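Colleague: Below you'll find data25.tsv; it's TSV, C-alpha atoms.
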chain	number	residue	atom	x	y	z
Q	73	MET	CA	0.00	0.00	0.00
Q	74	ALA	CA	1.26	3.45	-0.93
Q	75	GLU	CA	2.51	5.85	1.73
Q	76	PRO	CA	-0.20	8.39	2.65
Q	77	THR	CA	0.66	11.97	1.72
Q	78	GLU	CA	0.37	15.12	3.81
Q	79	SER	CA	-2.10	16.56	1.27
Q	80	ALA	CA	-4.34	13.50	1.67
Q	81	ILE	CA	-4.27	13.87	5.45
Q	82	LEU	CA	-5.15	17.57	5.18
Q	83	GLU	CA	-8.05	16.78	2.86
Q	84	ALA	CA	-9.40	14.34	5.42
Q	85	LEU	CA	-9.00	16.87	8.23
Q	86	LYS	CA	-11.08	19.38	6.29
Q	87	THR	CA	-14.10	17.26	7.25
Q	88	VAL	CA	-13.55	18.12	10.94
Q	89	THR	CA	-15.36	21.28	12.06
Q	90	ASP	CA	-14.61	23.45	15.07
Q	91	PRO	CA	-17.95	23.49	16.94
Q	92	ASP	CA	-17.50	27.06	18.19
Q	93	ARG	CA	-15.90	28.77	15.21
Q	94	GLY	CA	-17.93	27.04	12.52
Q	95	GLY	CA	-15.17	26.30	10.00
Q	96	ASP	CA	-13.01	23.26	9.31
Q	97	ILE	CA	-9.81	22.99	11.32
Q	98	VAL	CA	-7.59	23.23	8.23
Q	99	ALA	CA	-9.18	26.39	6.87
Q	100	LEU	CA	-9.03	27.93	10.35
Q	101	GLY	CA	-5.29	27.31	10.49
Q	102	MET	CA	-5.55	25.08	13.55
Q	103	VAL	CA	-3.50	22.17	12.17
Q	104	GLY	CA	0.26	22.32	12.62
Q	105	GLY	CA	3.35	20.13	12.84
Q	106	LEU	CA	1.96	17.58	10.41
Q	107	ALA	CA	4.39	14.69	9.91
Q	108	VAL	CA	3.83	11.46	7.99
Q	109	LYS	CA	6.45	8.74	8.35
Q	110	GLN	CA	5.96	5.14	7.27
Q	111	GLY	CA	2.20	5.33	7.79
Q	112	ASN	CA	2.46	7.00	11.20
Q	113	VAL	CA	0.77	10.41	11.33
Q	114	HIS	CA	1.42	13.11	13.93
Q	115	PHE	CA	-0.01	16.63	14.09
Q	116	THR	CA	-1.09	19.31	16.54
Q	117	ILE	CA	-4.37	21.19	16.79
Q	118	GLU	CA	-3.86	24.72	18.09
Q	119	VAL	CA	-6.74	25.91	20.24
Q	120	ASP	CA	-7.55	28.65	22.71
Q	121	PRO	CA	-6.29	27.38	26.08
Q	122	GLN	CA	-9.61	28.32	27.68
Q	123	ARG	CA	-11.35	25.81	25.42
Q	124	GLY	CA	-8.73	23.09	25.72
Q	125	GLN	CA	-10.58	20.94	28.26
Q	126	THR	CA	-13.77	20.85	26.16
Q	127	LEU	CA	-12.20	19.94	22.82
Q	128	GLU	CA	-11.24	16.33	23.43
Q	129	PRO	CA	-14.07	15.21	21.06
Q	130	LEU	CA	-12.58	17.44	18.37
Q	131	ARG	CA	-9.15	15.84	18.83
Q	132	LYS	CA	-10.65	12.35	18.60
Q	133	ALA	CA	-12.63	13.31	15.49
Q	134	ALA	CA	-9.44	14.58	13.86
Q	135	GLU	CA	-7.59	11.34	14.67
Q	136	LYS	CA	-10.50	9.34	13.23
Q	137	ALA	CA	-10.57	11.43	10.05
Q	138	ALA	CA	-6.82	11.10	9.50
Q	139	GLY	CA	-6.99	7.40	10.26
Q	140	SER	CA	-9.49	6.90	7.44
Q	141	VAL	CA	-6.87	7.75	4.80
Q	142	PRO	CA	-5.59	4.60	3.05
Q	143	GLY	CA	-2.14	3.58	4.23
Q	144	VAL	CA	-2.35	5.24	7.65
Q	145	LEU	CA	-1.23	2.87	10.41
Q	146	SER	CA	-1.47	5.15	13.43
Q	147	VAL	CA	-2.50	8.72	14.26
Q	148	THR	CA	-1.43	10.94	17.14
Q	149	ALA	CA	-3.13	14.34	17.46
Q	150	VAL	CA	-2.25	16.69	20.31
Q	151	LEU	CA	-4.18	19.75	21.44
Q	152	THR	CA	-1.80	22.63	21.94
Q	153	ALA	CA	-1.78	26.39	22.41
Q	154	GLU	CA	1.84	27.27	21.73
Q	155	SER	CA	1.36	30.99	21.34
Q	156	LYS	CA	-0.71	31.60	24.47
Q	157	SER	CA	-1.13	28.37	26.43
Q	158	ALA	CA	-0.46	28.07	30.14
Q	159	PRO	CA	2.95	26.38	30.33
Q	160	ALA	CA	4.94	25.10	33.27
Q	161	ALA	CA	4.93	26.73	36.68
Q	162	GLY	CA	6.78	30.03	36.81
Q	163	THR	CA	6.43	30.76	33.09
Q	164	ARG	CA	4.01	32.36	30.68
Q	165	ALA	CA	3.68	31.97	26.94
Q	166	ALA	CA	4.90	34.61	24.53
Q	167	PRO	CA	2.26	36.82	22.91
Q	168	GLN	CA	0.62	35.60	19.74
Q	169	GLY	CA	2.61	36.43	16.63
Q	170	ALA	CA	5.96	36.51	18.45
Q	171	PRO	CA	8.83	35.33	16.24
Q	172	ARG	CA	9.88	31.71	16.59
Q	173	ARG	CA	13.48	31.02	17.50
Q	174	GLU	CA	15.72	28.03	17.15
Q	175	LEU	CA	16.01	25.44	19.87
Q	176	LEU	CA	19.57	24.63	20.97
Q	177	PRO	CA	21.28	26.51	18.10
Q	178	ASP	CA	24.75	26.27	19.66
Q	179	VAL	CA	24.76	22.54	20.41
Q	180	THR	CA	26.82	20.40	18.06
Q	181	ALA	CA	25.24	17.04	18.91
Q	182	ILE	CA	22.17	16.03	20.93
Q	183	VAL	CA	22.27	12.45	22.24
Q	184	ALA	CA	19.25	10.78	23.83
Q	185	VAL	CA	19.85	8.07	26.42
Q	186	ALA	CA	16.71	5.92	26.51
Q	187	SER	CA	15.26	2.64	27.67
Q	188	GLY	CA	12.16	0.66	26.86
Q	189	LYS	CA	11.26	0.26	30.53
Q	190	GLY	CA	12.13	1.72	33.91
Q	191	GLY	CA	14.47	0.23	36.46
Q	192	VAL	CA	17.37	-0.60	34.15
Q	193	GLY	CA	19.69	2.15	35.36
Q	194	LYS	CA	19.20	4.47	32.40
Q	195	SER	CA	19.60	7.70	34.38
Q	196	THR	CA	22.70	6.40	36.15
Q	197	THR	CA	24.16	5.50	32.78
Q	198	ALA	CA	23.23	8.86	31.27
Q	199	ALA	CA	24.83	10.82	34.10
Q	200	ASN	CA	28.06	8.85	33.97
Q	201	ILE	CA	28.27	9.03	30.17
Q	202	ALA	CA	27.83	12.82	30.32
Q	203	LEU	CA	30.55	13.13	32.97
Q	204	ALA	CA	32.82	10.85	30.96
Q	205	LEU	CA	32.42	13.21	27.99
Q	206	VAL	CA	33.38	16.10	30.28
Q	207	ALA	CA	36.47	14.16	31.38
Q	208	GLN	CA	37.45	13.86	27.71
Q	209	GLY	CA	37.59	17.63	27.37
Q	210	LEU	CA	34.20	18.30	25.77
Q	211	ARG	CA	31.69	21.03	26.56
Q	212	VAL	CA	28.73	19.04	27.87
Q	213	GLY	CA	25.15	19.72	28.92
Q	214	MET	CA	22.86	17.33	30.80
Q	215	LEU	CA	19.10	17.66	30.23
Q	216	ASP	CA	16.80	15.62	32.44
Q	217	ALA	CA	13.80	15.06	30.17
Q	218	ASP	CA	11.97	12.76	32.59
Q	219	ILE	CA	9.23	15.20	33.58
Q	220	TYR	CA	7.31	12.72	35.72
Q	221	GLY	CA	10.30	11.28	37.55
Q	222	PRO	CA	13.30	13.64	37.42
Q	223	SER	CA	16.33	12.05	39.06
Q	224	MET	CA	19.26	14.29	38.14
Q	225	PRO	CA	18.90	16.60	41.17
Q	226	MET	CA	19.67	13.68	43.49
Q	227	MET	CA	22.16	11.93	41.23
Q	228	LEU	CA	24.23	15.09	40.75
Q	229	GLY	CA	23.72	16.44	44.27
Q	230	ILE	CA	22.04	19.65	43.04
Q	231	HIS	CA	19.72	21.39	45.50
Q	232	ASP	CA	19.69	24.92	44.08
Q	233	LYS	CA	17.19	26.52	41.75
Q	234	PRO	CA	18.36	28.01	38.43
Q	235	SER	CA	18.53	31.80	38.24
Q	236	SER	CA	17.22	34.15	35.57
Q	237	PRO	CA	19.18	37.45	35.53
Q	238	ASP	CA	17.03	39.02	32.81
Q	239	GLY	CA	13.70	37.51	33.86
Q	240	LYS	CA	13.39	35.85	30.47
Q	241	ARG	CA	15.85	32.98	30.25
Q	242	LEU	CA	17.16	30.53	32.82
Q	243	LEU	CA	20.81	29.83	33.49
Q	244	PRO	CA	21.61	26.11	33.71
Q	245	ILE	CA	23.17	24.93	36.94
Q	246	GLU	CA	26.82	23.98	36.52
Q	247	LYS	CA	28.08	20.90	38.36
Q	248	PHE	CA	31.15	18.74	37.78
Q	249	GLY	CA	32.07	20.86	34.76
Q	250	MET	CA	28.79	20.46	32.87
Q	251	ARG	CA	25.61	22.50	32.50
Q	252	CYS	CA	22.49	20.86	33.87
Q	253	MET	CA	18.73	21.42	33.71
Q	254	SER	CA	15.85	19.40	35.16
Q	255	ILE	CA	12.23	20.09	36.05
Q	256	GLY	CA	13.33	18.76	39.43
Q	257	PHE	CA	15.29	22.00	39.96
Q	258	LEU	CA	12.06	23.99	39.74
Q	259	VAL	CA	9.58	21.97	41.84
Q	260	PRO	CA	9.81	20.35	45.29
Q	261	PRO	CA	11.08	16.74	45.13
Q	262	ASP	CA	7.86	15.29	46.58
Q	263	THR	CA	5.55	17.16	44.17
Q	264	PRO	CA	3.85	14.83	41.64
Q	265	MET	CA	3.79	16.08	38.05
Q	266	ILE	CA	0.17	15.40	37.08
Q	267	TRP	CA	0.42	16.73	33.54
Q	268	ARG	CA	-1.11	15.74	30.23
Q	269	GLY	CA	0.94	15.24	27.08
Q	270	PRO	CA	0.83	18.85	25.77
Q	271	MET	CA	2.11	20.17	29.09
Q	272	VAL	CA	5.00	17.70	29.03
Q	273	MET	CA	5.85	18.76	25.49
Q	274	GLY	CA	5.73	22.43	26.47
Q	275	ALA	CA	7.97	21.89	29.49
Q	276	LEU	CA	10.57	20.09	27.37
Q	277	GLU	CA	10.55	22.86	24.79
Q	278	GLN	CA	11.06	25.43	27.54
Q	279	MET	CA	14.03	23.54	28.99
Q	280	MET	CA	15.60	23.51	25.54
Q	281	GLY	CA	14.59	26.92	24.19
Q	282	ASP	CA	14.49	29.11	27.28
Q	283	VAL	CA	17.71	27.99	28.94
Q	284	GLU	CA	21.05	29.67	28.22
Q	285	TRP	CA	22.88	26.49	27.33
Q	286	GLY	CA	25.53	28.36	25.38
Q	287	PRO	CA	27.94	26.60	23.01
Q	288	LEU	CA	28.09	22.86	23.72
Q	289	ASP	CA	29.82	19.99	21.97
Q	290	VAL	CA	27.18	17.55	23.16
Q	291	LEU	CA	23.91	17.67	25.09
Q	292	VAL	CA	23.08	14.37	26.78
Q	293	VAL	CA	19.32	13.95	27.27
Q	294	ASP	CA	18.11	11.53	29.93
Q	295	MET	CA	14.82	10.38	28.40
Q	296	PRO	CA	11.91	8.98	30.41
Q	297	PRO	CA	11.41	5.23	30.01
Q	298	GLY	CA	9.12	3.92	27.32
Q	299	THR	CA	7.89	5.45	24.07
Q	300	GLY	CA	5.65	8.47	24.56
Q	301	ASP	CA	5.22	12.23	24.33
Q	302	ALA	CA	8.72	13.13	25.46
Q	303	GLN	CA	10.37	10.91	22.88
Q	304	LEU	CA	8.10	12.24	20.13
Q	305	THR	CA	8.78	15.85	21.16
Q	306	MET	CA	12.54	15.37	21.09
Q	307	ALA	CA	12.42	13.62	17.71
Q	308	GLN	CA	10.23	16.35	16.17
Q	309	ARG	CA	11.68	19.50	17.75
Q	310	VAL	CA	15.44	18.97	17.53
Q	311	PRO	CA	17.71	16.94	15.24
Q	312	LEU	CA	18.87	14.17	17.53
Q	313	ALA	CA	22.34	13.00	16.53
Q	314	GLY	CA	21.43	9.59	17.87
Q	315	ALA	CA	19.98	7.51	20.67
Q	316	VAL	CA	21.68	5.16	23.11
Q	317	ILE	CA	19.52	2.30	24.40
Q	318	VAL	CA	20.17	1.03	27.94
Q	319	SER	CA	19.01	-2.43	28.96
Q	320	THR	CA	19.72	-5.15	31.46
Q	321	PRO	CA	20.55	-8.62	30.09
Q	322	GLN	CA	17.32	-10.47	30.87
Q	323	ASP	CA	14.75	-11.24	28.19
Q	324	LEU	CA	11.96	-9.02	29.58
Q	325	ALA	CA	14.13	-5.89	29.60
Q	326	LEU	CA	15.49	-6.69	26.15
Q	327	LEU	CA	11.96	-7.03	24.76
Q	328	ASP	CA	11.21	-3.48	25.86
Q	329	ALA	CA	14.62	-2.29	24.65
Q	330	ARG	CA	13.77	-3.58	21.18
Q	331	LYS	CA	10.56	-1.57	21.24
Q	332	GLY	CA	12.48	1.57	22.16
Q	333	LEU	CA	15.03	0.94	19.46
Q	334	ASN	CA	12.34	0.42	16.82
Q	335	MET	CA	10.56	3.59	17.95
Q	336	PHE	CA	13.66	5.68	17.24
Q	337	ARG	CA	14.05	3.99	13.88
Q	338	LYS	CA	10.45	4.85	12.98
Q	339	VAL	CA	11.07	8.53	13.63
Q	340	GLU	CA	14.37	8.32	11.73
Q	341	VAL	CA	16.69	8.89	14.69
Q	342	PRO	CA	19.97	6.94	14.39
Q	343	VAL	CA	20.48	4.33	17.10
Q	344	LEU	CA	24.09	4.65	18.21
Q	345	GLY	CA	24.11	1.37	20.09
Q	346	ILE	CA	23.07	-0.59	23.17
Q	347	VAL	CA	24.60	-0.55	26.64
Q	348	GLU	CA	24.16	-3.58	28.90
Q	349	ASN	CA	23.74	-2.30	32.45
Q	350	MET	CA	23.85	-4.53	35.56
Q	351	SER	CA	25.66	-6.94	33.30
Q	352	TYR	CA	27.20	-9.04	36.09
Q	353	PHE	CA	27.99	-8.94	39.80
Q	354	VAL	CA	31.36	-9.57	41.45
Q	355	CYS	CA	31.19	-10.41	45.16
Q	356	PRO	CA	33.32	-7.87	47.05
Q	357	GLU	CA	34.21	-10.49	49.66
Q	358	CYS	CA	35.19	-13.55	47.64
Q	359	GLY	CA	35.59	-12.12	44.13
Q	360	GLU	CA	33.20	-14.66	42.63
Q	361	ARG	CA	31.25	-13.45	39.60
Q	362	SER	CA	27.49	-14.01	39.33
Q	363	ASP	CA	25.31	-13.26	36.31
Q	364	ILE	CA	22.27	-12.21	38.34
Q	365	PHE	CA	20.27	-10.93	35.37
Q	366	ASN	CA	21.83	-13.30	32.84
Q	367	HIS	CA	24.69	-11.92	30.74
Q	368	GLY	CA	25.34	-11.00	27.15
Q	369	GLY	CA	21.72	-10.57	26.15
Q	370	ALA	CA	22.17	-6.96	25.06
Q	371	ARG	CA	25.19	-7.87	22.93
Q	372	ARG	CA	23.21	-10.58	21.17
Q	373	ALA	CA	20.24	-8.23	20.70
Q	374	ALA	CA	22.53	-5.60	19.19
Q	375	GLU	CA	23.93	-8.12	16.73
Q	376	GLN	CA	20.45	-9.31	15.78
Q	377	MET	CA	19.16	-5.78	15.23
Q	378	GLY	CA	22.20	-4.53	13.38
Q	379	VAL	CA	23.38	-1.90	15.86
Q	380	ASP	CA	26.62	-1.52	17.80
Q	381	PHE	CA	27.15	-2.94	21.26
Q	382	LEU	CA	28.69	-0.07	23.20
Q	383	GLY	CA	29.74	-1.87	26.36
Q	384	GLU	CA	28.69	-3.45	29.63
Q	385	ILE	CA	28.49	-2.01	33.14
Q	386	PRO	CA	28.44	-4.32	36.18
Q	387	LEU	CA	25.99	-4.31	39.08
Q	388	ASP	CA	28.16	-2.81	41.79
Q	389	MET	CA	27.55	-1.23	45.18
Q	390	ALA	CA	29.97	1.62	44.44
Q	391	ILE	CA	27.95	2.75	41.41
Q	392	ARG	CA	24.76	2.82	43.47
Q	393	GLU	CA	26.40	4.63	46.38
Q	394	GLY	CA	27.88	7.26	44.07
Q	395	ILE	CA	24.48	8.08	42.61
Q	396	ASP	CA	22.78	8.15	46.03
Q	397	ASN	CA	25.47	10.51	47.34
Q	398	GLY	CA	25.34	12.88	44.37
Q	399	ARG	CA	28.81	11.90	43.11
Q	400	PRO	CA	28.50	9.51	40.14
Q	401	THR	CA	31.21	6.93	39.60
Q	402	VAL	CA	33.12	8.88	36.95
Q	403	VAL	CA	33.57	11.70	39.48
Q	404	ALA	CA	33.87	9.64	42.68
Q	405	ASP	CA	36.42	7.14	41.34
Q	406	PRO	CA	37.76	8.51	38.02
Q	407	ASP	CA	40.65	6.03	37.87
Q	408	GLY	CA	38.56	2.97	38.73
Q	409	PRO	CA	37.45	0.18	36.36
Q	410	HIS	CA	33.81	1.32	36.27
Q	411	ALA	CA	34.78	4.84	35.26
Q	412	ALA	CA	36.98	3.32	32.55
Q	413	ALA	CA	33.97	1.43	31.18
Q	414	TYR	CA	31.88	4.61	31.02
Q	415	MET	CA	34.80	6.47	29.43
Q	416	ALA	CA	35.04	3.85	26.67
Q	417	ILE	CA	31.30	4.06	26.00
Q	418	ALA	CA	31.41	7.87	25.91
Q	419	ALA	CA	34.37	7.83	23.51
Q	420	ALA	CA	32.49	5.49	21.17
Q	421	ILE	CA	29.44	7.75	21.24
Q	422	TRP	CA	31.45	10.89	20.50
Q	423	ASP	CA	33.22	9.15	17.62
Q	424	LYS	CA	29.78	8.64	16.06
Q	425	VAL	CA	28.23	12.07	16.64
Q	426	GLY	CA	31.11	14.54	16.74
Q	427	GLY	CA	30.20	16.09	13.39
Q	428	ALA	CA	26.44	16.49	13.89
Q	429	GLY	CA	24.81	19.91	13.81
Q	430	GLY	CA	21.86	22.07	12.81
Q	431	THR	CA	18.48	22.52	14.48
Q	432	PRO	CA	14.90	23.47	13.50
Q	433	ALA	CA	12.87	26.34	14.89
Q	434	GLY	CA	10.97	26.05	18.17
Q	435	PRO	CA	8.24	28.02	19.99
Q	436	GLU	CA	8.80	31.31	21.78
Q	437	ILE	CA	8.21	31.02	25.56
Q	438	VAL	CA	9.12	33.69	28.12
Q	439	ILE	CA	10.17	33.14	31.73
Q	440	GLU	CA	8.41	35.36	34.31
Mind turning this structure into structure tokens?

Modeller:
Amino acid sequence: MAEPTESAILEALKTVTDPDRGGDIVALGMVGGLAVKQGNVHFTIEVDPQRGQTLEPLRKAAEKAAGSVPGVLSVTAVLTAESKSAPAAGTRAAPQGAPRRELLPDVTAIVAVASGKGGVGKSTTAANIALALVAQGLRVGMLDADIYGPSMPMMLGIHDKPSSPDGKRLLPIEKFGMRCMSIGFLVPPDTPMIWRGPMVMGALEQMMGDVEWGPLDVLVVDMPPGTGDAQLTMAQRVPLAGAVIVSTPQDLALLDARKGLNMFRKVEVPVLGIVENMSYFVCPECGERSDIFNHGGARRAAEQMGVDFLGEIPLDMAIREGIDNGRPTVVADPDGPHAAAYMAIAAAIWDKVGGAGGTPAGPEIVIE
């Protein structure tokens, strides 16, 4: 079956009428961000934020209309109000008609560290990879994109809030030689983030577009687990140089890792390779090695899926203690074997992405 075209999707969306304004959503200019890739359709519907809670039927009707086009496999429509929606706490949207500016224009390469499921040590791996890149002399940023469960404040021992000298843009917090930003810097640690998809997307765009990252060689993005709004936002808003998939060796984790890998492939983001975390355990008393979660599964999965195997990290008390104490392994024991493993993985990643560049435009959001 032929790939559906954007024009065919727009024709179908012309059958959807805004109940309050009386016209179709295409003629009213409400449809934006339309993307069609391998039968998967994504678009936004821009609405007045005051009507947002009542327009869920309109969103569903738009998804149904787009899904009726031959060749469409899936449809994701998101209600948004980029120009005047209520974004994250402490911010307000720019006035309608404000010029759009680029997101992350001074970042050479943006690398997403992702996993198909939680509990595999993705954030620990992301933090140590970022610090290993710093140790190799690169200008590095660390973006915690896990809006619902930000962990970088604890892992990096950061308890301060970012400042905004001009009242418009935030300064990232610098720790261990890298620039860091997390929603966890802005809200109390015990505050649940009960946000719908558009709010998550808006918060991510703010942390990219309204933060003075400055010139960076690489921005490491700690993605939330799974395949959802955050992953889609990153893939659509900035040109990811690649994604690193973190998994443990057992079959269940690898099944989810494959899903994550295939998600990035569907949105045309290069998969740089797989890291096997908690690969084995060495008893600190007797030195005996145990493969608690099996061993080598991620290497085999990488071979089967045609991607590189970047390395393995053991299950070790010192790695856990470093994260709990806000001093990751690469900082706490830079000459140790675990730091060496992270350094090798980081070097392999930089070899792959060192020449990446360029970025699309993003929305204008102003910090109060």

Colleague: Pick out the residues sitting within 7 Å of Q:Gly314, and hand them over as a CSV table (one decimal) with C-alpha atoms, in the coordinates of the input; count only C-alpha atoms, and ignore anything fewer than 3 positions along from it in its own chain.

Modeller:
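As written to disk, result.csv reads:
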chain,number,residue,atom,x,y,z
Q,183,VAL,CA,22.3,12.4,22.2
Q,184,ALA,CA,19.2,10.8,23.8
Q,341,VAL,CA,16.7,8.9,14.7
Q,342,PRO,CA,20.0,6.9,14.4
Q,343,VAL,CA,20.5,4.3,17.1
Q,344,LEU,CA,24.1,4.6,18.2

Colleague: When you draw a straight line from atom CA of Q:Val292 to atom CA of Q:Gly104, how long is it in Å?

Modeller: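 For atom CA of Q:Val292 relative to atom CA of Q:Gly104, the distance reads 28.0 Å.
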
Colleague: Report the distance between atom CA of Q:Arg251 and atom CA of Q:Val206 in Å, rounded to one decimal place.

Modeller: 10.3 Å

Colleague: Record the distance separating atom CA of Q:Val144 and atom CA of Q:Arg131, expressed in Å with one decimal.

Modeller: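 Straight-line distance from atom CA of Q:Val144 to atom CA of Q:Arg131 works out to 16.8 Å.
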
Colleague: Got a sec: who's within 9 Å of Q:Ile201, counting all atoms listed in the file, leaving out chain neighbours fewer than 4 positions off, as a PyMOL selection string?

Modeller: chain Q and resi 196-197+205-206+292+402+414-415+417-418

Colleague: Filtering to C-alpha atoms, could you give me those residues as an mmCIF file, in the coordinates of the input?

Modeller:
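Writing done, so here's selection_4.cif:
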data_model
loop_
_atom_site.group_PDB
_atom_site.id
_atom_site.type_symbol
_atom_site.label_atom_id
_atom_site.label_comp_id
_atom_site.auth_asym_id
_atom_site.auth_seq_id
_atom_site.Cartn_x
_atom_site.Cartn_y
_atom_site.Cartn_z
ATOM 1 C CA THR Q 196 22.700 6.400 36.150
ATOM 2 C CA THR Q 197 24.160 5.500 32.780
ATOM 3 C CA LEU Q 205 32.420 13.210 27.990
ATOM 4 C CA VAL Q 206 33.380 16.100 30.280
ATOM 5 C CA VAL Q 292 23.080 14.370 26.780
ATOM 6 C CA VAL Q 402 33.120 8.880 36.950
ATOM 7 C CA TYR Q 414 31.880 4.610 31.020
ATOM 8 C CA MET Q 415 34.800 6.470 29.430
ATOM 9 C CA ILE Q 417 31.300 4.060 26.000
ATOM 10 C CA ALA Q 418 31.410 7.870 25.910
#

Colleague: Complete the atoms of stretch 140-153 of chain Q to N, CA and C atoms and put them out as a tab-separated table (two decimals), in the frame of the given file.

Modeller:
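File out_37.tsv, as written:
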chain	number	residue	atom	x	y	z
Q	140	SER	N	-8.70	7.46	8.54
Q	140	SER	CA	-9.49	6.90	7.44
Q	140	SER	C	-8.75	6.93	6.10
Q	141	VAL	N	-7.63	7.66	6.05
Q	141	VAL	CA	-6.87	7.75	4.80
Q	141	VAL	C	-6.16	6.42	4.54
Q	142	PRO	N	-6.26	5.87	3.36
Q	142	PRO	CA	-5.59	4.60	3.05
Q	142	PRO	C	-4.08	4.67	3.32
Q	143	GLY	N	-3.56	3.65	3.95
Q	143	GLY	CA	-2.14	3.58	4.23
Q	143	GLY	C	-1.74	4.09	5.60
Q	144	VAL	N	-2.67	4.74	6.31
Q	144	VAL	CA	-2.35	5.24	7.65
Q	144	VAL	C	-2.40	4.09	8.65
Q	145	LEU	N	-1.32	3.93	9.41
Q	145	LEU	CA	-1.23	2.87	10.41
Q	145	LEU	C	-1.57	3.37	11.82
Q	146	SER	N	-1.17	4.59	12.11
Q	146	SER	CA	-1.47	5.15	13.43
Q	146	SER	C	-1.57	6.66	13.32
Q	147	VAL	N	-2.32	7.26	14.25
Q	147	VAL	CA	-2.50	8.72	14.26
Q	147	VAL	C	-2.35	9.23	15.69
Q	148	THR	N	-1.55	10.27	15.85
Q	148	THR	CA	-1.43	10.94	17.14
Q	148	THR	C	-1.70	12.42	16.93
Q	149	ALA	N	-2.79	12.91	17.51
Q	149	ALA	CA	-3.13	14.34	17.46
Q	149	ALA	C	-3.04	14.89	18.88
Q	150	VAL	N	-2.45	16.07	19.00
Q	150	VAL	CA	-2.25	16.69	20.31
Q	150	VAL	C	-2.84	18.09	20.29
Q	151	LEU	N	-3.68	18.39	21.28
Q	151	LEU	CA	-4.18	19.75	21.44
Q	151	LEU	C	-3.09	20.62	22.04
Q	152	THR	N	-2.85	21.76	21.44
Q	152	THR	CA	-1.80	22.63	21.94
Q	152	THR	C	-2.22	24.08	21.78
Q	153	ALA	N	-1.55	24.95	22.50
Q	153	ALA	CA	-1.78	26.39	22.41
Q	153	ALA	C	-0.45	27.07	22.56
